[in-house]
file start-v7.cif (mmCIF, C-alpha atoms and all ligand atoms; chains and numbers go by the auth columns)
data_upload
#
loop_
_atom_site.group_PDB
_atom_site.id
_atom_site.type_symbol
_atom_site.label_atom_id
_atom_site.label_comp_id
_atom_site.label_asym_id
_atom_site.label_seq_id
_atom_site.Cartn_x
_atom_site.Cartn_y
_atom_site.Cartn_z
_atom_site.B_iso_or_equiv
_atom_site.auth_seq_id
_atom_site.auth_asym_id
ATOM 1 C CA MET A 1 -31.437 -9.930 39.778 0.00 1 A
ATOM 2 C CA SER A 2 -29.331 -7.126 41.226 0.00 2 A
ATOM 3 C CA ALA A 3 -31.221 -3.838 41.609 0.00 3 A
ATOM 4 C CA ASP A 4 -28.242 -1.762 40.481 0.00 4 A
ATOM 5 C CA LEU A 5 -27.844 -3.620 37.209 0.00 5 A
ATOM 6 C CA ASN A 6 -26.615 -0.974 34.821 0.00 6 A
ATOM 7 C CA THR A 7 -28.203 -1.536 31.452 0.00 7 A
ATOM 8 C CA ASP A 8 -26.483 1.569 30.043 0.00 8 A
ATOM 9 C CA VAL A 9 -23.275 -0.394 29.594 0.00 9 A
ATOM 10 C CA GLU A 10 -25.036 -2.984 27.439 0.00 10 A
ATOM 11 C CA PRO A 11 -23.044 -2.931 24.183 0.00 11 A
ATOM 12 C CA SER A 12 -24.958 -2.021 21.056 0.00 12 A
ATOM 13 C CA ILE A 13 -26.089 -5.050 19.136 0.00 13 A
ATOM 14 C CA TYR A 14 -24.907 -3.239 16.012 0.00 14 A
ATOM 15 C CA ARG A 15 -21.157 -3.650 16.275 0.00 15 A
ATOM 16 C CA ILE A 16 -19.342 -2.255 13.238 0.00 16 A
ATOM 17 C CA GLY A 17 -16.816 -4.776 11.986 0.00 17 A
ATOM 18 C CA GLU A 18 -18.738 -7.712 13.409 0.00 18 A
ATOM 19 C CA ILE A 19 -22.391 -8.059 12.528 0.00 19 A
ATOM 20 C CA VAL A 20 -22.479 -4.702 10.738 0.00 20 A
ATOM 21 C CA PRO A 21 -19.934 -4.253 7.960 0.00 21 A
ATOM 22 C CA TRP A 22 -17.987 -0.975 8.031 0.00 22 A
ATOM 23 C CA VAL A 23 -19.245 -0.228 4.524 0.00 23 A
ATOM 24 C CA SER A 24 -22.941 -0.357 5.524 0.00 24 A
ATOM 25 C CA PRO A 25 -24.982 2.856 5.492 0.00 25 A
ATOM 26 C CA TRP A 26 -26.808 4.042 8.649 0.00 26 A
ATOM 27 C CA SER A 27 -30.253 5.643 8.990 0.00 27 A
ATOM 28 C CA THR A 28 -28.698 9.029 9.911 0.00 28 A
ATOM 29 C CA GLU A 29 -26.631 9.142 6.714 0.00 29 A
ATOM 30 C CA GLY A 30 -29.518 10.119 4.441 0.00 30 A
ATOM 31 C CA SER A 31 -28.419 13.509 3.087 0.00 31 A
ATOM 32 C CA PHE A 32 -26.359 14.105 -0.044 0.00 32 A
ATOM 33 C CA SER A 33 -24.328 16.832 -1.716 0.00 33 A
ATOM 34 C CA LEU A 34 -21.792 17.161 -4.543 0.00 34 A
ATOM 35 C CA VAL A 35 -18.022 17.589 -4.441 0.00 35 A
ATOM 36 C CA LEU A 36 -15.263 17.662 -7.059 0.00 36 A
ATOM 37 C CA SER A 37 -13.644 14.262 -7.451 0.00 37 A
ATOM 38 C CA GLN A 38 -10.055 13.997 -6.185 0.00 38 A
ATOM 39 C CA ARG A 39 -9.370 10.890 -8.249 0.00 39 A
ATOM 40 C CA PHE A 40 -11.153 11.700 -11.489 0.00 40 A
ATOM 41 C CA PRO A 41 -10.480 15.344 -12.446 0.00 41 A
ATOM 42 C CA ASP A 42 -13.419 17.301 -13.888 0.00 42 A
ATOM 43 C CA GLN A 43 -15.930 14.868 -12.424 0.00 43 A
ATOM 44 C CA LEU A 44 -18.330 15.490 -9.574 0.00 44 A
ATOM 45 C CA GLU A 45 -18.924 12.894 -6.881 0.00 45 A
ATOM 46 C CA VAL A 46 -22.009 12.409 -4.755 0.00 46 A
ATOM 47 C CA LEU A 47 -21.127 12.969 -1.103 0.00 47 A
ATOM 48 C CA GLN A 48 -23.205 11.218 1.562 0.00 48 A
ATOM 49 C CA ALA A 49 -23.581 12.409 5.183 0.00 49 A
ATOM 50 C CA GLU A 50 -21.230 10.469 7.472 0.00 50 A
ATOM 51 C CA ALA A 51 -22.434 9.226 10.856 0.00 51 A
ATOM 52 C CA PRO A 52 -21.530 5.529 11.097 0.00 52 A
ATOM 53 C CA GLY A 53 -22.820 3.990 14.313 0.00 53 A
ATOM 54 C CA VAL A 54 -25.646 6.502 14.776 0.00 54 A
ATOM 55 C CA GLY A 55 -29.201 5.244 14.300 0.00 55 A
ATOM 56 C CA VAL A 56 -29.901 1.929 12.639 0.00 56 A
ATOM 57 C CA PRO A 57 -27.676 0.230 10.052 0.00 57 A
ATOM 58 C CA ALA A 58 -28.964 -1.004 6.730 0.00 58 A
ATOM 59 C CA LEU A 59 -27.508 -4.372 5.817 0.00 59 A
ATOM 60 C CA LYS A 60 -28.174 -3.795 2.136 0.00 60 A
ATOM 61 C CA GLY A 61 -26.300 -1.236 0.103 0.00 61 A
ATOM 62 C CA MET A 62 -23.032 0.567 0.765 0.00 62 A
ATOM 63 C CA HIS A 63 -22.257 4.061 2.047 0.00 63 A
ATOM 64 C CA LEU A 64 -20.968 6.066 -0.946 0.00 64 A
ATOM 65 C CA GLN A 65 -17.644 7.354 0.416 0.00 65 A
ATOM 66 C CA ARG A 66 -16.864 4.120 2.263 0.00 66 A
ATOM 67 C CA GLN A 67 -17.575 2.089 -0.887 0.00 67 A
ATOM 68 C CA ARG A 68 -15.327 4.327 -3.003 0.00 68 A
ATOM 69 C CA ALA A 69 -12.492 4.388 -0.438 0.00 69 A
ATOM 70 C CA GLY A 70 -12.774 0.636 0.079 0.00 70 A
ATOM 71 C CA VAL A 71 -12.485 -0.150 -3.635 0.00 71 A
ATOM 72 C CA ALA A 72 -9.804 2.468 -4.384 0.00 72 A
ATOM 73 C CA ASP A 73 -7.601 1.889 -1.322 0.00 73 A
ATOM 74 C CA HIS A 74 -8.272 -1.837 -0.668 0.00 74 A
ATOM 75 C CA LEU A 75 -9.916 -1.177 2.714 0.00 75 A
ATOM 76 C CA CYS A 76 -11.710 -4.117 4.298 0.00 76 A
ATOM 77 C CA HIS A 77 -15.438 -4.218 3.614 0.00 77 A
ATOM 78 C CA VAL A 78 -16.111 -5.536 7.131 0.00 78 A
ATOM 79 C CA CYS A 79 -13.715 -3.627 9.457 0.00 79 A
ATOM 80 C CA GLY A 80 -12.581 -0.692 7.267 0.00 80 A
ATOM 81 C CA LYS A 81 -8.870 -1.235 7.948 0.00 81 A
ATOM 82 C CA PRO A 82 -6.319 -1.611 5.111 0.00 82 A
ATOM 83 C CA THR A 83 -5.862 -5.098 3.680 0.00 83 A
ATOM 84 C CA THR A 84 -2.422 -6.363 2.709 0.00 84 A
ATOM 85 C CA PRO A 85 -1.760 -8.347 -0.503 0.00 85 A
ATOM 86 C CA GLY A 86 -1.413 -11.533 1.584 0.00 86 A
ATOM 87 C CA ASP A 87 -4.760 -11.049 3.342 0.00 87 A
ATOM 88 C CA ARG A 88 -7.089 -9.539 0.745 0.00 88 A
ATOM 89 C CA PHE A 89 -10.046 -11.536 -0.522 0.00 89 A
ATOM 90 C CA LEU A 90 -12.939 -11.095 -2.921 0.00 90 A
ATOM 91 C CA PHE A 91 -16.140 -13.138 -3.240 0.00 91 A
ATOM 92 C CA PRO A 92 -16.558 -13.084 -7.020 0.00 92 A
ATOM 93 C CA VAL A 93 -18.769 -16.174 -7.257 0.00 93 A
ATOM 94 C CA VAL A 94 -21.628 -14.268 -5.601 0.00 94 A
ATOM 95 C CA THR A 95 -20.747 -10.582 -6.181 0.00 95 A
ATOM 96 C CA GLY A 96 -19.836 -8.396 -9.164 0.00 96 A
ATOM 97 C CA ASN A 97 -20.723 -8.981 -12.794 0.00 97 A
ATOM 98 C CA PHE A 98 -19.294 -9.544 -16.249 0.00 98 A
ATOM 99 C CA LEU A 99 -19.097 -6.600 -18.642 0.00 99 A
ATOM 100 C CA PRO A 100 -20.295 -7.036 -22.243 0.00 100 A
ATOM 101 C CA PRO A 101 -17.478 -8.591 -24.335 0.00 101 A
ATOM 102 C CA ALA A 102 -14.819 -6.089 -25.479 0.00 102 A
ATOM 103 C CA ALA A 103 -13.763 -5.634 -29.135 0.00 103 A
ATOM 104 C CA ASP A 104 -11.185 -8.401 -28.605 0.00 104 A
ATOM 105 C CA GLY A 105 -14.005 -10.739 -27.517 0.00 105 A
ATOM 106 C CA GLN A 106 -12.641 -11.003 -23.967 0.00 106 A
ATOM 107 C CA ARG A 107 -15.090 -10.921 -21.101 0.00 107 A
ATOM 108 C CA ARG A 108 -14.049 -8.875 -18.098 0.00 108 A
ATOM 109 C CA TYR A 109 -15.166 -9.378 -14.541 0.00 109 A
ATOM 110 C CA ALA A 110 -16.018 -6.096 -12.767 0.00 110 A
ATOM 111 C CA SER A 111 -16.620 -5.645 -9.052 0.00 111 A
ATOM 112 C CA PRO A 112 -17.846 -2.762 -6.878 0.00 112 A
ATOM 113 C CA MET A 113 -17.088 -4.712 -3.677 0.00 113 A
ATOM 114 C CA PRO A 114 -14.257 -3.620 -1.390 0.00 114 A
ATOM 115 C CA PRO A 115 -12.036 -6.587 -0.461 0.00 115 A
ATOM 116 C CA THR A 116 -12.116 -8.325 2.929 0.00 116 A
ATOM 117 C CA HIS A 117 -9.630 -9.766 5.421 0.00 117 A
ATOM 118 C CA MET A 118 -10.169 -13.522 5.690 0.00 118 A
ATOM 119 C CA ALA A 119 -10.783 -13.411 9.466 0.00 119 A
ATOM 120 C CA CYS A 120 -13.289 -10.556 9.064 0.00 120 A
ATOM 121 C CA ALA A 121 -15.258 -12.454 6.412 0.00 121 A
ATOM 122 C CA GLN A 122 -15.348 -15.563 8.580 0.00 122 A
ATOM 123 C CA ARG A 123 -16.431 -13.624 11.692 0.00 123 A
ATOM 124 C CA ALA A 124 -19.167 -11.735 9.834 0.00 124 A
ATOM 125 C CA GLN A 125 -20.394 -14.921 8.195 0.00 125 A
ATOM 126 C CA LYS A 126 -20.611 -16.706 11.538 0.00 126 A
ATOM 127 C CA LEU A 127 -22.388 -13.870 13.361 0.00 127 A
ATOM 128 C CA CYS A 128 -24.877 -12.782 10.730 0.00 128 A
ATOM 129 C CA PRO A 129 -26.859 -15.239 8.590 0.00 129 A
ATOM 130 C CA HIS A 130 -27.596 -12.382 6.178 0.00 130 A
ATOM 131 C CA LEU A 131 -23.896 -12.214 5.321 0.00 131 A
ATOM 132 C CA ARG A 132 -23.393 -15.951 4.882 0.00 132 A
ATOM 133 C CA LEU A 133 -24.004 -15.915 1.154 0.00 133 A
ATOM 134 C CA SER A 134 -22.083 -12.663 0.536 0.00 134 A
ATOM 135 C CA PHE A 135 -18.948 -14.169 2.052 0.00 135 A
ATOM 136 C CA ALA A 136 -19.135 -17.572 0.394 0.00 136 A
ATOM 137 C CA HIS A 137 -16.315 -18.794 -1.887 0.00 137 A
ATOM 138 C CA PRO A 138 -13.425 -16.476 -0.940 0.00 138 A
ATOM 139 C CA VAL A 139 -10.845 -15.936 -3.680 0.00 139 A
ATOM 140 C CA ARG A 140 -7.467 -14.265 -3.150 0.00 140 A
ATOM 141 C CA PHE A 141 -7.387 -10.760 -4.651 0.00 141 A
ATOM 142 C CA PRO A 142 -5.290 -10.853 -7.842 0.00 142 A
ATOM 143 C CA SER A 143 -1.750 -9.391 -7.788 0.00 143 A
ATOM 144 C CA ASP A 144 -2.772 -7.129 -10.695 0.00 144 A
ATOM 145 C CA PRO A 145 -5.608 -5.030 -9.180 0.00 145 A
ATOM 146 C CA GLY A 146 -7.134 -4.208 -12.567 0.00 146 A
ATOM 147 C CA LYS A 147 -8.367 -0.723 -13.453 0.00 147 A
ATOM 148 C CA LEU A 148 -10.298 1.611 -11.175 0.00 148 A
ATOM 149 C CA ARG A 149 -13.417 2.959 -12.927 0.00 149 A
ATOM 150 C CA PHE A 150 -16.356 5.121 -11.861 0.00 150 A
ATOM 151 C CA GLU A 151 -20.087 4.548 -12.107 0.00 151 A
ATOM 152 C CA LEU A 152 -22.499 7.408 -12.852 0.00 152 A
ATOM 153 C CA HIS A 153 -25.685 5.410 -12.329 0.00 153 A
ATOM 154 C CA PRO A 154 -27.037 5.371 -8.786 0.00 154 A
ATOM 155 C CA PRO A 155 -26.842 1.985 -7.095 0.00 155 A
ATOM 156 C CA ARG A 156 -30.077 0.057 -6.555 0.00 156 A
ATOM 157 C CA GLY A 157 -32.232 1.792 -3.959 0.00 157 A
ATOM 158 C CA MET A 158 -30.695 5.237 -4.610 0.00 158 A
ATOM 159 C CA GLU A 159 -32.484 6.007 -7.883 0.00 159 A
ATOM 160 C CA ALA A 160 -34.496 8.862 -6.308 0.00 160 A
ATOM 161 C CA ILE A 161 -31.299 10.503 -5.071 0.00 161 A
ATOM 162 C CA GLY A 162 -29.869 10.356 -8.584 0.00 162 A
ATOM 163 C CA ALA A 163 -33.074 11.806 -10.059 0.00 163 A
ATOM 164 C CA ASN A 164 -32.993 14.744 -7.603 0.00 164 A
ATOM 165 C CA MET A 165 -29.373 15.730 -8.255 0.00 165 A
ATOM 166 C CA PRO A 166 -28.914 19.254 -9.641 0.00 166 A
ATOM 167 C CA VAL A 167 -26.530 17.864 -12.292 0.00 167 A
ATOM 168 C CA THR A 168 -27.041 15.084 -14.826 0.00 168 A
ATOM 169 C CA GLU A 169 -23.731 13.319 -14.174 0.00 169 A
ATOM 170 C CA ALA A 170 -22.028 12.586 -10.871 0.00 170 A
ATOM 171 C CA ILE A 171 -20.007 9.636 -9.649 0.00 171 A
ATOM 172 C CA PHE A 172 -21.844 7.387 -7.200 0.00 172 A
ATOM 173 C CA SER A 173 -19.487 4.464 -6.890 0.00 173 A
ATOM 174 C CA TYR A 174 -16.204 2.956 -8.046 0.00 174 A
ATOM 175 C CA TYR A 175 -15.564 -0.491 -9.408 0.00 175 A
ATOM 176 C CA ARG A 176 -12.569 -2.435 -10.624 0.00 176 A
ATOM 177 C CA VAL A 177 -12.356 -4.024 -14.047 0.00 177 A
ATOM 178 C CA HIS A 178 -10.223 -7.122 -13.587 0.00 178 A
ATOM 179 C CA THR A 179 -7.645 -8.609 -15.928 0.00 179 A
ATOM 180 C CA PRO A 180 -8.616 -11.220 -18.558 0.00 180 A
ATOM 181 C CA GLY A 181 -6.771 -13.844 -16.477 0.00 181 A
ATOM 182 C CA PHE A 182 -8.658 -13.151 -13.250 0.00 182 A
ATOM 183 C CA SER A 183 -11.908 -12.842 -15.233 0.00 183 A
ATOM 184 C CA ARG A 184 -11.380 -16.341 -16.667 0.00 184 A
ATOM 185 C CA LEU A 185 -10.754 -17.660 -13.159 0.00 185 A
ATOM 186 C CA VAL A 186 -14.040 -16.128 -11.923 0.00 186 A
ATOM 187 C CA GLU A 187 -15.897 -17.624 -14.894 0.00 187 A
ATOM 188 C CA ARG A 188 -14.481 -21.070 -14.065 0.00 188 A
ATOM 189 C CA LEU A 189 -15.262 -20.767 -10.339 0.00 189 A
ATOM 190 C CA ARG A 190 -18.854 -19.694 -11.060 0.00 190 A
ATOM 191 C CA ALA A 191 -19.375 -22.599 -13.448 0.00 191 A
ATOM 192 C CA GLN A 192 -17.928 -25.005 -10.887 0.00 192 A
ATOM 193 C CA ALA A 193 -20.076 -23.618 -8.019 0.00 193 A
ATOM 194 C CA ALA A 194 -23.223 -23.740 -10.188 0.00 194 A
ATOM 195 C CA ALA A 195 -22.465 -27.355 -11.154 0.00 195 A
ATOM 196 C CA GLU A 196 -22.216 -28.183 -7.444 0.00 196 A
ATOM 197 C CA GLY A 197 -25.652 -26.639 -6.864 0.00 197 A
ATOM 198 C CA HIS A 198 -24.469 -23.446 -5.096 0.00 198 A
ATOM 199 C CA THR A 199 -25.999 -20.014 -5.588 0.00 199 A
ATOM 200 C CA VAL A 200 -24.031 -18.028 -8.134 0.00 200 A
ATOM 201 C CA ALA A 201 -24.422 -14.415 -9.310 0.00 201 A
ATOM 202 C CA PRO A 202 -25.860 -14.154 -12.845 0.00 202 A
ATOM 203 C CA ASN A 203 -23.056 -13.744 -15.404 0.00 203 A
HETATM 204 ZN ZN ZN B . -11.176 -6.550 8.115 0.00 1 B
#
call {"tool": "encode", "arguments": {"input": "start-v7.cif", "output": "structure tokens", "more": "lines below"}}
Ligand SMILES: [Zn+2]
result
Amino acid sequence: MSADLNTDVEPSIYRIGEIVPWVSPWSTEGSFSLVLSQRFPDQLEVLQAEAPGVGVPALKGMHLQRQRAGVADHLCHVCGKPTTPGDRFLFPVVTGNFLPPAADGQRRYASPMPPTHMACAQRAQKLCPHLRLSFAHPVRFPSDPGKLRFELHPPRGMEAIGANMPVTEAIFSYYRVHTPGFSRLVERLRAQAAAEGHTVAPN
């Protein structure tokens, strides 16, 4: 082995956009504050410290601002760059949930997941076994993007942050409520995947 081997140039094993999704929170992003929402007037939003790439990434959960920007602006979950209508995918068989039936009896599929470029999903799935299930069963994002909504409950794992907020209501995340047509498609795809013995999110 060469004596002048420079280990400083060793790339980090945590490459954002490859084995670490852009949306993932990092260990140095653990402080929170409140800000007025730009998208939903009169609402406060929880603001999380931003230092992606510093410290250690968490592969569970999503950074609050990156989640909201991803869902609102169709930024790729994996690389953070904009997706175009021709290359914008969701994974609704394993992510998101169905809302209780509306007055018209229709069930709506709702998702807090930013979309993904196809190549990004495939790369992440190949490099990280943890992401294999999350990126199973890609479905093209519908041409009607549904309605952008906000969530006041803290996501799983952030309950203590919600409990310590100086206000009772603040927006943590965004989600999209999809059209009845896309919701029916998701219902069909989940039933089909379950019948084939695949893991499916609970309806
Ligand atoms: Zn991407």
call {"tool": "axis_aligned_box", "arguments": {"input": "start-v7.cif", "around": "segment 123-127 of chain A", "padding_each_side": "4 Å", "output": "lines of an AutoDock Vina configuration file"}}
result
center_x = -19.4
center_y = -14.2
center_z = 10.8
size_x = 14.0
size_y = 13.0
size_z = 13.2
call {"tool": "resolve_selection", "arguments": {"input": "start-v7.cif", "expression": "the PyMOL selection byres (((chain A and resi 120) around 9) and not hetatm)", "output": "PyMOL selection string"}}
result
chain A and resi 17-18+76-79+116-119+121-125
call {"tool": "resolve_selection", "arguments": {"input": "start-v7.cif", "expression": "the PyMOL selection byres (((chain A and resi 84) around 10) and not hetatm)", "output": "VMD selection string"}}
result
chain A and resid 74 to 76 81 to 83 85 to 89 116 to 117 141
call {"tool": "write_last_selection", "arguments": {"input": "start-v7.cif", "atoms": "C-alpha atoms", "output": "tab-separated table (two decimals), keeping the file's coordinate frame"}}
result
chain	number	residue	atom	x	y	z
A	74	HIS	CA	-8.27	-1.84	-0.67
A	75	LEU	CA	-9.92	-1.18	2.71
A	76	CYS	CA	-11.71	-4.12	4.30
A	81	LYS	CA	-8.87	-1.24	7.95
A	82	PRO	CA	-6.32	-1.61	5.11
A	83	THR	CA	-5.86	-5.10	3.68
A	85	PRO	CA	-1.76	-8.35	-0.50
A	86	GLY	CA	-1.41	-11.53	1.58
A	87	ASP	CA	-4.76	-11.05	3.34
A	88	ARG	CA	-7.09	-9.54	0.74
A	89	PHE	CA	-10.05	-11.54	-0.52
A	116	THR	CA	-12.12	-8.32	2.93
A	117	HIS	CA	-9.63	-9.77	5.42
A	141	PHE	CA	-7.39	-10.76	-4.65
call {"tool": "resolve_selection", "arguments": {"input": "start-v7.cif", "expression": "the PyMOL selection byres (((chain A and resi 47) around 10) and not hetatm)", "output": "list in words"}}
result
Ser31, Phe32, Ser33, Leu34, Val35, Leu36, Ser37, Leu44, Glu45, Val46, Gln48, Ala49, Glu50, His63, Leu64, Gln65, Ala170, Ile171 and Phe172 of chain A
call {"tool": "atom_distance", "arguments": {"input": "start-v7.cif", "atom1": "atom CA of Ala136 of chain A", "atom2": "atom CA of Gly105 of chain A"}}
result
29.2 Å
call {"tool": "residues_around", "arguments": {"input": "start-v7.cif", "residues": "His137 of chain A", "least_positions_apart": "5", "cutoff": "12 Å", "atoms": "only C-alpha atoms", "output": "ChimeraX atom specification"}}
result
/A:89-95,118,121-122,125,132,186,189-190,192-194,198-201
